[in-house]
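> I'm passing along model08.tsv; it holds TSV, C-alpha atoms.
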```tsv
chain	number	residue	atom	x	y	z
A	1	MET	CA	73.71	33.63	27.69
A	2	GLN	CA	70.72	31.46	26.89
A	3	ASP	CA	70.38	30.20	23.31
A	4	GLN	CA	67.29	31.14	21.31
A	5	LEU	CA	65.60	27.71	21.50
A	6	SER	CA	66.11	27.55	25.28
A	7	ARG	CA	64.70	31.07	25.59
A	8	THR	CA	61.59	30.02	23.64
A	9	PHE	CA	60.97	26.85	25.69
A	10	SER	CA	61.67	28.75	28.90
A	11	ALA	CA	59.10	31.41	27.96
A	12	LEU	CA	56.53	28.68	27.29
A	13	ALA	CA	57.18	27.00	30.65
A	14	ASP	CA	54.60	29.11	32.47
A	15	PRO	CA	50.78	28.86	32.41
A	16	THR	CA	50.29	32.67	32.62
A	17	ARG	CA	52.51	33.27	29.61
A	18	ARG	CA	50.76	30.50	27.64
A	19	ALA	CA	47.40	32.06	28.56
A	20	MET	CA	48.67	35.41	27.26
A	21	LEU	CA	49.68	33.81	23.96
A	22	ALA	CA	46.27	32.12	23.75
A	23	ARG	CA	44.60	35.51	24.22
A	24	LEU	CA	46.80	37.07	21.52
A	25	SER	CA	45.99	34.25	19.12
A	26	ASN	CA	42.53	35.89	18.95
A	27	GLY	CA	44.10	39.15	17.81
A	28	GLU	CA	46.20	42.13	18.88
A	29	ALA	CA	45.52	43.56	22.35
A	30	ASN	CA	46.74	46.55	24.29
A	31	VAL	CA	48.77	45.90	27.43
A	32	SER	CA	46.05	46.82	29.95
A	33	ASP	CA	43.39	44.62	28.28
A	34	LEU	CA	45.88	41.78	28.16
A	35	ALA	CA	46.84	42.27	31.82
A	36	GLN	CA	43.27	42.57	33.10
A	37	PRO	CA	42.38	38.84	33.59
A	38	PHE	CA	45.58	38.26	35.60
A	39	LEU	CA	45.41	41.24	37.95
A	40	GLY	CA	43.36	39.35	40.56
A	41	ALA	CA	46.16	36.81	40.97
A	42	MET	CA	49.23	39.02	40.49
A	43	SER	CA	50.48	42.59	40.42
A	44	LEU	CA	50.81	44.72	37.28
A	45	PRO	CA	54.64	44.60	37.49
A	46	ALA	CA	54.44	40.79	37.56
A	47	VAL	CA	52.22	40.83	34.45
A	48	THR	CA	54.63	43.25	32.76
A	49	LYS	CA	57.52	40.94	33.61
A	50	HIS	CA	55.75	38.01	31.90
A	51	LEU	CA	55.19	40.15	28.81
A	52	GLN	CA	58.88	41.07	28.77
A	53	VAL	CA	59.86	37.39	28.88
A	54	LEU	CA	57.55	36.70	25.92
A	55	GLU	CA	58.95	39.70	24.05
A	56	LYS	CA	62.60	38.76	24.66
A	57	ALA	CA	61.85	35.24	23.43
A	58	GLY	CA	60.43	36.77	20.24
A	59	LEU	CA	56.97	35.31	20.87
A	60	ILE	CA	55.22	38.68	20.93
A	61	THR	CA	56.00	42.08	19.51
A	62	LYS	CA	55.00	45.36	21.14
A	63	THR	CA	54.11	48.47	19.19
A	64	ARG	CA	53.63	51.86	20.74
A	65	ASN	CA	51.50	54.64	19.33
A	66	ALA	CA	50.27	57.93	20.81
A	67	GLN	CA	47.36	56.32	22.69
A	68	TRP	CA	48.47	52.90	23.88
A	69	ARG	CA	50.98	50.05	23.69
A	70	SER	CA	49.73	47.11	21.72
A	71	CYS	CA	50.91	43.46	21.78
A	72	LYS	CA	50.82	41.03	18.92
A	73	LEU	CA	51.58	37.33	18.68
A	74	ASN	CA	54.69	36.58	16.64
A	75	GLY	CA	54.08	33.14	15.15
A	76	ASP	CA	57.59	32.97	13.68
A	77	GLY	CA	58.96	32.85	17.22
A	78	LEU	CA	57.42	29.41	17.71
A	79	LYS	CA	58.58	27.92	14.44
A	80	ASP	CA	62.04	26.67	15.47
A	81	ALA	CA	60.68	25.14	18.67
A	82	ALA	CA	57.91	23.40	16.73
A	83	ASN	CA	60.42	22.11	14.18
A	84	TRP	CA	62.63	20.80	16.97
A	85	MET	CA	59.61	19.00	18.45
A	86	GLU	CA	58.56	17.61	15.09
A	87	GLN	CA	61.70	15.46	14.75
A	88	TYR	CA	60.49	13.44	17.77
A	89	ARG	CA	56.99	12.86	16.39
A	90	VAL	CA	57.89	9.31	15.37
A	91	PHE	CA	58.44	8.44	19.06
A	92	TRP	CA	54.96	9.25	20.28
A	93	GLU	CA	53.32	7.90	17.13
A	94	GLU	CA	55.25	4.68	17.64
A	95	SER	CA	53.86	4.27	21.16
A	96	PHE	CA	50.36	5.10	19.89
A	97	ASP	CA	50.75	2.35	17.27
A	98	ARG	CA	51.74	-0.10	20.01
A	99	LEU	CA	48.66	0.87	22.06
A	100	ASP	CA	46.47	0.56	18.98
A	101	ALA	CA	47.84	-2.92	18.23
A	102	TYR	CA	47.26	-3.95	21.86
A	103	LEU	CA	43.66	-2.66	21.83
A	104	LYS	CA	43.01	-4.64	18.66
A	105	THR	CA	44.14	-7.88	20.32
A	106	VAL	CA	41.98	-7.13	23.37
A	107	THR	CA	38.93	-6.33	21.23
A	108	ALA	CA	39.45	-9.52	19.21
A	109	LYS	CA	39.03	-11.54	22.42
A	110	GLN	CA	35.63	-9.98	23.24
A	111	PRO	CA	32.52	-11.99	22.24
A	112	PRO	CA	30.69	-10.45	19.27
A	113	GLU	CA	27.82	-8.08	20.16
A	114	GLY	CA	24.43	-9.70	20.82
A	115	ASP	CA	26.23	-12.91	21.72
A	116	GLU	CA	25.92	-12.46	25.49
A	117	SER	CA	23.43	-15.29	26.10
A	118	VAL	CA	25.57	-17.96	24.40
B	119	MET	CA	53.69	23.02	41.97
B	120	GLN	CA	54.51	23.23	38.30
B	121	ASP	CA	51.91	21.90	35.86
B	122	GLN	CA	52.91	19.10	33.49
B	123	LEU	CA	53.15	21.24	30.34
B	124	SER	CA	55.35	23.79	32.13
B	125	ARG	CA	57.54	20.97	33.41
B	126	THR	CA	57.98	19.65	29.86
B	127	PHE	CA	58.86	23.05	28.36
B	128	SER	CA	61.13	23.79	31.29
B	129	ALA	CA	62.99	20.51	30.76
B	130	LEU	CA	63.45	21.36	27.08
B	131	ALA	CA	64.81	24.83	27.87
B	132	ASP	CA	68.40	23.63	28.11
B	133	PRO	CA	70.85	22.64	25.33
B	134	THR	CA	72.44	19.83	27.38
B	135	ARG	CA	69.07	18.20	28.04
B	136	ARG	CA	68.08	18.54	24.37
B	137	ALA	CA	71.41	16.95	23.38
B	138	MET	CA	70.66	14.06	25.76
B	139	LEU	CA	67.26	13.55	24.14
B	140	ALA	CA	68.88	13.67	20.69
B	141	ARG	CA	71.33	10.96	21.80
B	142	LEU	CA	68.47	8.82	23.15
B	143	SER	CA	66.54	9.21	19.91
B	144	ASN	CA	69.19	6.87	18.46
B	145	GLY	CA	68.36	4.24	21.05
B	146	GLU	CA	68.56	3.32	24.74
B	147	ALA	CA	71.80	4.15	26.53
B	148	ASN	CA	73.23	3.48	29.96
B	149	VAL	CA	73.83	6.46	32.22
B	150	SER	CA	77.63	6.50	31.95
B	151	ASP	CA	77.63	6.35	28.11
B	152	LEU	CA	75.03	9.10	28.06
B	153	ALA	CA	77.02	11.24	30.50
B	154	GLN	CA	80.38	10.74	28.77
B	155	PRO	CA	80.21	13.55	26.10
B	156	PHE	CA	79.28	16.13	28.76
B	157	LEU	CA	81.88	15.30	31.40
B	158	GLY	CA	84.47	17.66	29.91
B	159	ALA	CA	82.14	20.60	30.46
B	160	MET	CA	80.41	19.59	33.70
B	161	SER	CA	80.59	17.28	36.69
B	162	LEU	CA	78.85	13.91	36.92
B	163	PRO	CA	76.40	15.24	39.57
B	164	ALA	CA	75.45	18.04	37.14
B	165	VAL	CA	74.82	15.48	34.38
B	166	THR	CA	72.77	13.37	36.81
B	167	LYS	CA	70.72	16.45	37.74
B	168	HIS	CA	69.89	17.04	34.06
B	169	LEU	CA	68.79	13.41	33.72
B	170	GLN	CA	66.57	13.80	36.79
B	171	VAL	CA	64.88	16.87	35.26
B	172	LEU	CA	64.20	14.91	32.07
B	173	GLU	CA	62.88	11.97	34.08
B	174	LYS	CA	60.58	14.11	36.26
B	175	ALA	CA	59.19	15.75	33.11
B	176	GLY	CA	58.41	12.27	31.76
B	177	LEU	CA	60.72	12.70	28.77
B	178	ILE	CA	62.93	9.75	29.65
B	179	THR	CA	62.45	6.59	31.67
B	180	LYS	CA	65.20	4.86	33.62
B	181	THR	CA	65.37	1.15	34.10
B	182	ARG	CA	67.74	-0.57	36.44
B	183	ASN	CA	69.03	-4.10	36.10
B	184	ALA	CA	71.81	-6.00	37.82
B	185	GLN	CA	74.58	-4.55	35.63
B	186	TRP	CA	73.63	-0.94	34.81
B	187	ARG	CA	71.00	1.76	34.74
B	188	SER	CA	69.62	2.38	31.29
B	189	CYS	CA	67.79	5.47	29.94
B	190	LYS	CA	65.17	5.48	27.22
B	191	LEU	CA	63.40	8.31	25.41
B	192	ASN	CA	59.71	8.52	26.27
B	193	GLY	CA	58.07	9.99	23.16
B	194	ASP	CA	54.69	10.26	24.86
B	195	GLY	CA	56.14	12.89	27.17
B	196	LEU	CA	56.50	15.27	24.23
B	197	LYS	CA	53.05	14.73	22.79
B	198	ASP	CA	51.10	17.31	24.81
B	199	ALA	CA	53.73	19.97	24.27
B	200	ALA	CA	53.74	19.27	20.52
B	201	ASN	CA	49.95	19.42	20.43
B	202	TRP	CA	50.00	22.72	22.30
B	203	MET	CA	52.48	24.07	19.74
B	204	GLU	CA	50.48	22.77	16.81
B	205	GLN	CA	47.52	25.08	17.51
B	206	TYR	CA	49.80	28.04	16.70
B	207	ARG	CA	51.03	26.61	13.40
B	208	VAL	CA	48.67	28.88	11.46
B	209	PHE	CA	50.58	31.91	12.81
B	210	TRP	CA	53.96	31.02	11.41
B	211	GLU	CA	52.51	29.64	8.20
B	212	GLU	CA	50.61	32.91	7.79
B	213	SER	CA	53.80	34.94	8.06
B	214	PHE	CA	55.52	32.55	5.63
B	215	ASP	CA	52.65	33.13	3.17
B	216	ARG	CA	53.14	36.88	3.52
B	217	LEU	CA	56.88	36.54	2.86
B	218	ASP	CA	56.14	34.29	-0.11
B	219	ALA	CA	53.68	36.83	-1.56
B	220	TYR	CA	56.23	39.61	-1.03
B	221	LEU	CA	59.01	37.65	-2.74
B	222	LYS	CA	56.70	37.03	-5.70
B	223	THR	CA	56.09	40.77	-6.15
B	224	VAL	CA	59.84	41.46	-5.89
B	225	THR	CA	60.67	38.71	-8.39
B	226	ALA	CA	58.01	40.01	-10.77
B	227	LYS	CA	59.85	43.35	-10.90
B	228	GLN	CA	63.18	41.72	-11.90
B	229	PRO	CA	64.01	41.68	-15.61
B	230	PRO	CA	63.68	38.19	-17.12
B	231	GLU	CA	66.89	36.12	-17.20
B	232	GLY	CA	69.23	36.75	-20.11
B	233	ASP	CA	67.73	40.20	-20.52
B	234	GLU	CA	70.59	42.03	-18.83
B	235	SER	CA	71.92	43.73	-21.94
B	236	VAL	CA	68.58	45.40	-22.85
```
Could you render the structure from this file as structure tokens?

Amino acid sequence: MQDQLSRTFSALADPTRRAMLARLSNGEANVSDLAQPFLGAMSLPAVTKHLQVLEKAGLITKTRNAQWRSCKLNGDGLKDAANWMEQYRVFWEESFDRLDAYLKTVTAKQPPEGDESV
Amino acid sequence: MQDQLSRTFSALADPTRRAMLARLSNGEANVSDLAQPFLGAMSLPAVTKHLQVLEKAGLITKTRNAQWRSCKLNGDGLKDAANWMEQYRVFWEESFDRLDAYLKTVTAKQPPEGDESV
């Protein structure tokens, strides 16, 4: 069985599912409204499958009332994955610092502005 | 073909690969040292496969010299995924705020400390 963190990352590893989360970040939506933009490129069962993956990963919650089924983003579902990621922040900031230092040395070698005719 | 962000999340969706990244966050390692802790549970080709997934996702870089092949964490490879995640931060902080507000109302209903005998 897949662990929770793997399930989260696995659910995020698809552009359709990320687009669905982006849509839900603007607010709750019922399943058919959420499915609509994807129906040109895939079948309704395929859309439903993507929603199930997101739901199993705890990234969305579905509610059902008399009229329709509604989906909602579950921010908590992203928290552990974001925290995992955060511990590596130092590694990309480090490489940004190196780039920044390099750019400073390059810029220092340029002649000052307005000095082109010298 | 998988997009870059999907490739990153997909690479992270496995506890062995995350453990390898955690090991590399302590510094460069050669392939056999990196493989060693996993060889009880899986074969060397399986370990190598995991390293290839990490490399293709841009999360590690391999260098080869006369004596050995060395692996290094590539922090930059995580940056886009972390940035993607960051835009959803408001959603888990929001639900934390709601929990916090709820806990405050619950605590407010408790009798003050040392008041048990009243």
> Could you superpose chain A on chain B by least squares over every Cα, matched in sequence order, and send it back as a short mmCIF file (atom, residue, chain, number, x, y, z; two decimals) with C-alpha atoms, in the frame of the given file?

```
data_model
loop_
_atom_site.label_atom_id
_atom_site.label_comp_id
_atom_site.auth_asym_id
_atom_site.auth_seq_id
_atom_site.Cartn_x
_atom_site.Cartn_y
_atom_site.Cartn_z
CA MET A 1 53.65 22.86 42.05
CA GLN A 2 54.47 23.13 38.37
CA ASP A 3 51.89 21.81 35.90
CA GLN A 4 52.87 19.01 33.52
CA LEU A 5 53.12 21.19 30.39
CA SER A 6 55.31 23.74 32.20
CA ARG A 7 57.50 20.91 33.48
CA THR A 8 57.95 19.62 29.91
CA PHE A 9 58.82 23.04 28.43
CA SER A 10 61.10 23.77 31.37
CA ALA A 11 62.97 20.49 30.82
CA LEU A 12 63.43 21.37 27.15
CA ALA A 13 64.78 24.84 27.97
CA ASP A 14 68.37 23.63 28.22
CA PRO A 15 70.82 22.69 25.43
CA THR A 16 72.42 19.84 27.47
CA ARG A 17 69.06 18.21 28.11
CA ARG A 18 68.07 18.58 24.43
CA ALA A 19 71.41 17.01 23.45
CA MET A 20 70.66 14.10 25.80
CA LEU A 21 67.27 13.58 24.16
CA ALA A 22 68.91 13.73 20.73
CA ARG A 23 71.35 11.02 21.81
CA LEU A 24 68.50 8.86 23.14
CA SER A 25 66.57 9.27 19.90
CA ASN A 26 69.26 6.96 18.45
CA GLY A 27 68.40 4.30 21.01
CA GLU A 28 68.60 3.33 24.68
CA ALA A 29 71.84 4.17 26.50
CA ASN A 30 73.23 3.48 29.94
CA VAL A 31 73.82 6.44 32.23
CA SER A 32 77.63 6.50 31.96
CA ASP A 33 77.62 6.36 28.13
CA LEU A 34 75.03 9.11 28.08
CA ALA A 35 77.02 11.24 30.54
CA GLN A 36 80.38 10.77 28.81
CA PRO A 37 80.20 13.58 26.16
CA PHE A 38 79.26 16.14 28.84
CA LEU A 39 81.85 15.30 31.48
CA GLY A 40 84.44 17.70 30.02
CA ALA A 41 82.09 20.64 30.58
CA MET A 42 80.36 19.58 33.81
CA SER A 43 80.53 17.25 36.78
CA LEU A 44 78.81 13.86 36.99
CA PRO A 45 76.35 15.17 39.63
CA ALA A 46 75.40 17.99 37.23
CA VAL A 47 74.78 15.44 34.45
CA THR A 48 72.73 13.31 36.86
CA LYS A 49 70.69 16.37 37.80
CA HIS A 50 69.85 17.01 34.12
CA LEU A 51 68.75 13.39 33.75
CA GLN A 52 66.53 13.74 36.81
CA VAL A 53 64.85 16.82 35.32
CA LEU A 54 64.18 14.88 32.10
CA GLU A 55 62.86 11.92 34.08
CA LYS A 56 60.55 14.03 36.27
CA ALA A 57 59.18 15.69 33.14
CA GLY A 58 58.41 12.22 31.77
CA LEU A 59 60.72 12.69 28.78
CA ILE A 60 62.93 9.72 29.63
CA THR A 61 62.45 6.56 31.62
CA LYS A 62 65.20 4.82 33.58
CA THR A 63 65.39 1.08 34.03
CA ARG A 64 67.77 -0.64 36.38
CA ASN A 65 69.06 -4.17 36.01
CA ALA A 66 71.86 -6.07 37.75
CA GLN A 67 74.62 -4.57 35.57
CA TRP A 68 73.67 -0.99 34.76
CA ARG A 69 71.02 1.73 34.69
CA SER A 70 69.64 2.36 31.26
CA CYS A 71 67.81 5.45 29.90
CA LYS A 72 65.21 5.50 27.20
CA LEU A 73 63.44 8.32 25.40
CA ASN A 74 59.75 8.53 26.23
CA GLY A 75 58.12 10.01 23.14
CA ASP A 76 54.72 10.26 24.83
CA GLY A 77 56.18 12.88 27.16
CA LEU A 78 56.52 15.29 24.24
CA LYS A 79 53.08 14.75 22.79
CA ASP A 80 51.09 17.29 24.83
CA ALA A 81 53.73 19.98 24.30
CA ALA A 82 53.75 19.30 20.56
CA ASN A 83 49.95 19.44 20.45
CA TRP A 84 49.98 22.73 22.33
CA MET A 85 52.48 24.10 19.79
CA GLU A 86 50.49 22.80 16.85
CA GLN A 87 47.51 25.09 17.57
CA TYR A 88 49.78 28.07 16.78
CA ARG A 89 51.02 26.66 13.46
CA VAL A 90 48.67 28.94 11.53
CA PHE A 91 50.56 31.98 12.90
CA TRP A 92 53.96 31.12 11.51
CA GLU A 93 52.51 29.74 8.28
CA GLU A 94 50.61 33.00 7.87
CA SER A 95 53.82 35.03 8.13
CA PHE A 96 55.55 32.64 5.71
CA ASP A 97 52.69 33.21 3.24
CA ARG A 98 53.17 36.98 3.58
CA LEU A 99 56.91 36.61 2.90
CA ASP A 100 56.19 34.35 -0.06
CA ALA A 101 53.73 36.88 -1.52
CA TYR A 102 56.29 39.67 -1.04
CA LEU A 103 59.06 37.66 -2.74
CA LYS A 104 56.75 37.03 -5.68
CA THR A 105 56.17 40.76 -6.17
CA VAL A 106 59.91 41.43 -5.94
CA THR A 107 60.74 38.67 -8.43
CA ALA A 108 58.07 39.97 -10.82
CA LYS A 109 59.94 43.29 -11.00
CA GLN A 110 63.24 41.65 -12.05
CA PRO A 111 64.04 41.65 -15.80
CA PRO A 112 63.70 38.18 -17.35
CA GLU A 113 66.93 36.14 -17.53
CA GLY A 114 69.18 36.77 -20.55
CA ASP A 115 67.63 40.21 -20.87
CA GLU A 116 70.54 42.07 -19.26
CA SER A 117 71.79 43.83 -22.41
CA VAL A 118 68.41 45.40 -23.25
#
```
> Give the residues of chain B that lie within 7 Å of chain A; count only C-alpha atoms, and format the answer as a list in words.
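Residues satisfying the distance criterion: Ser124, Arg125, Phe127, Ser128, Leu130, Ala131, Asp132, Pro133, Gly193, Asp194, Lys197, Ala200, Met203, Tyr206, Phe209 and Trp210 of chain B.
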> Could you check how far CA of Leu24 in chain A sits from CA of Cys71 in chain A, in Å to one decimal?
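So the two atoms, CA of Leu24 in chain A and CA of Cys71 in chain A, lie 7.6 Å apart.
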> Name the residues in contact with range 45-49 of chain A at a cut-off of 12 Å, using all atoms listed in the file, excluding same-chain residues fewer than 6 positions from it; report them as a list in words.
Ala11, Thr16, Arg17, Ala19, Met20, Val31, Ser32, Asp33, Leu34, Ala35, Gln36, Pro37, Phe38, Leu39, Glu55, Lys56, Lys62, Arg69 and Cys71 of chain A
> Just how far from CA of Thr63 in chain A is CA of Lys222 in chain B, in Å to one decimal?
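About the pair CA of Lys222 in chain B and CA of Thr63 in chain A: they are 27.5 Å apart.
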> Which value, in Å to one decimal, gives the distance between CA of Ala57 in chain A and CA of Asp80 in chain A?
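Going from CA of Ala57 in chain A over to CA of Asp80 in chain A, I get 11.7 Å.
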> Since the input is missing atoms for range 130-149 of chain B, could you rebuild it with N, CA, C and O atoms and give the result as a PDB file, in the frame of the given file?

```
ATOM      1  N   LEU B 130      62.899  21.184  28.428  1.00  0.00           N
ATOM      2  CA  LEU B 130      63.450  21.360  27.080  1.00  0.00           C
ATOM      3  C   LEU B 130      64.279  22.642  26.943  1.00  0.00           C
ATOM      4  O   LEU B 130      64.992  22.820  25.958  1.00  0.00           O
ATOM      5  N   ALA B 131      64.160  23.512  27.948  1.00  0.00           N
ATOM      6  CA  ALA B 131      64.810  24.830  27.870  1.00  0.00           C
ATOM      7  C   ALA B 131      66.287  24.770  28.242  1.00  0.00           C
ATOM      8  O   ALA B 131      66.796  25.641  28.953  1.00  0.00           O
ATOM      9  N   ASP B 132      66.976  23.757  27.792  1.00  0.00           N
ATOM     10  CA  ASP B 132      68.400  23.630  28.110  1.00  0.00           C
ATOM     11  C   ASP B 132      69.097  22.795  27.025  1.00  0.00           C
ATOM     12  O   ASP B 132      68.654  21.681  26.719  1.00  0.00           O
ATOM     13  N   PRO B 133      70.183  23.336  26.443  1.00  0.00           N
ATOM     14  CA  PRO B 133      70.850  22.640  25.330  1.00  0.00           C
ATOM     15  C   PRO B 133      71.430  21.272  25.709  1.00  0.00           C
ATOM     16  O   PRO B 133      71.433  20.362  24.883  1.00  0.00           O
ATOM     17  N   THR B 134      71.906  21.132  26.951  1.00  0.00           N
ATOM     18  CA  THR B 134      72.440  19.830  27.380  1.00  0.00           C
ATOM     19  C   THR B 134      71.322  18.788  27.405  1.00  0.00           C
ATOM     20  O   THR B 134      71.490  17.666  26.913  1.00  0.00           O
ATOM     21  N   ARG B 135      70.180  19.172  27.965  1.00  0.00           N
ATOM     22  CA  ARG B 135      69.070  18.200  28.040  1.00  0.00           C
ATOM     23  C   ARG B 135      68.547  17.863  26.645  1.00  0.00           C
ATOM     24  O   ARG B 135      68.213  16.712  26.370  1.00  0.00           O
ATOM     25  N   ARG B 136      68.510  18.848  25.745  1.00  0.00           N
ATOM     26  CA  ARG B 136      68.080  18.540  24.370  1.00  0.00           C
ATOM     27  C   ARG B 136      69.087  17.614  23.682  1.00  0.00           C
ATOM     28  O   ARG B 136      68.708  16.717  22.926  1.00  0.00           O
ATOM     29  N   ALA B 137      70.373  17.827  23.962  1.00  0.00           N
ATOM     30  CA  ALA B 137      71.410  16.950  23.380  1.00  0.00           C
ATOM     31  C   ALA B 137      71.249  15.524  23.911  1.00  0.00           C
ATOM     32  O   ALA B 137      71.440  14.551  23.169  1.00  0.00           O
ATOM     33  N   MET B 138      70.882  15.402  25.186  1.00  0.00           N
ATOM     34  CA  MET B 138      70.660  14.060  25.760  1.00  0.00           C
ATOM     35  C   MET B 138      69.476  13.376  25.076  1.00  0.00           C
ATOM     36  O   MET B 138      69.536  12.179  24.777  1.00  0.00           O
ATOM     37  N   LEU B 139      68.422  14.134  24.834  1.00  0.00           N
ATOM     38  CA  LEU B 139      67.260  13.550  24.140  1.00  0.00           C
ATOM     39  C   LEU B 139      67.639  13.135  22.717  1.00  0.00           C
ATOM     40  O   LEU B 139      67.221  12.084  22.229  1.00  0.00           O
ATOM     41  N   ALA B 140      68.441  13.980  22.065  1.00  0.00           N
ATOM     42  CA  ALA B 140      68.880  13.670  20.690  1.00  0.00           C
ATOM     43  C   ALA B 140      69.671  12.357  20.699  1.00  0.00           C
ATOM     44  O   ALA B 140      69.460  11.493  19.834  1.00  0.00           O
ATOM     45  N   ARG B 141      70.566  12.205  21.684  1.00  0.00           N
ATOM     46  CA  ARG B 141      71.330  10.960  21.800  1.00  0.00           C
ATOM     47  C   ARG B 141      70.396   9.763  21.993  1.00  0.00           C
ATOM     48  O   ARG B 141      70.565   8.727  21.352  1.00  0.00           O
ATOM     49  N   LEU B 142      69.389   9.930  22.863  1.00  0.00           N
ATOM     50  CA  LEU B 142      68.470   8.820  23.150  1.00  0.00           C
ATOM     51  C   LEU B 142      67.521   8.528  21.993  1.00  0.00           C
ATOM     52  O   LEU B 142      66.924   7.446  21.944  1.00  0.00           O
ATOM     53  N   SER B 143      67.381   9.479  21.081  1.00  0.00           N
ATOM     54  CA  SER B 143      66.540   9.210  19.910  1.00  0.00           C
ATOM     55  C   SER B 143      67.195   8.175  19.001  1.00  0.00           C
ATOM     56  O   SER B 143      66.561   7.588  18.140  1.00  0.00           O
ATOM     57  N   ASN B 144      68.500   7.942  19.199  1.00  0.00           N
ATOM     58  CA  ASN B 144      69.190   6.870  18.460  1.00  0.00           C
ATOM     59  C   ASN B 144      69.107   5.522  19.155  1.00  0.00           C
ATOM     60  O   ASN B 144      69.598   4.533  18.640  1.00  0.00           O
ATOM     61  N   GLY B 145      68.519   5.498  20.336  1.00  0.00           N
ATOM     62  CA  GLY B 145      68.360   4.240  21.050  1.00  0.00           C
ATOM     63  C   GLY B 145      68.719   4.371  22.524  1.00  0.00           C
ATOM     64  O   GLY B 145      69.364   5.352  22.930  1.00  0.00           O
ATOM     65  N   GLU B 146      68.267   3.394  23.300  1.00  0.00           N
ATOM     66  CA  GLU B 146      68.560   3.320  24.740  1.00  0.00           C
ATOM     67  C   GLU B 146      70.061   3.486  25.025  1.00  0.00           C
ATOM     68  O   GLU B 146      70.881   3.124  24.178  1.00  0.00           O
ATOM     69  N   ALA B 147      70.389   4.029  26.163  1.00  0.00           N
ATOM     70  CA  ALA B 147      71.800   4.150  26.530  1.00  0.00           C
ATOM     71  C   ALA B 147      71.945   4.021  28.033  1.00  0.00           C
ATOM     72  O   ALA B 147      71.044   4.414  28.773  1.00  0.00           O
ATOM     73  N   ASN B 148      73.054   3.497  28.512  1.00  0.00           N
ATOM     74  CA  ASN B 148      73.230   3.480  29.960  1.00  0.00           C
ATOM     75  C   ASN B 148      73.761   4.833  30.420  1.00  0.00           C
ATOM     76  O   ASN B 148      74.286   5.622  29.625  1.00  0.00           O
ATOM     77  N   VAL B 149      73.568   5.123  31.699  1.00  0.00           N
ATOM     78  CA  VAL B 149      73.830   6.460  32.220  1.00  0.00           C
ATOM     79  C   VAL B 149      75.265   6.920  31.946  1.00  0.00           C
ATOM     80  O   VAL B 149      75.491   8.057  31.532  1.00  0.00           O
TER      81      VAL B 149
END
```
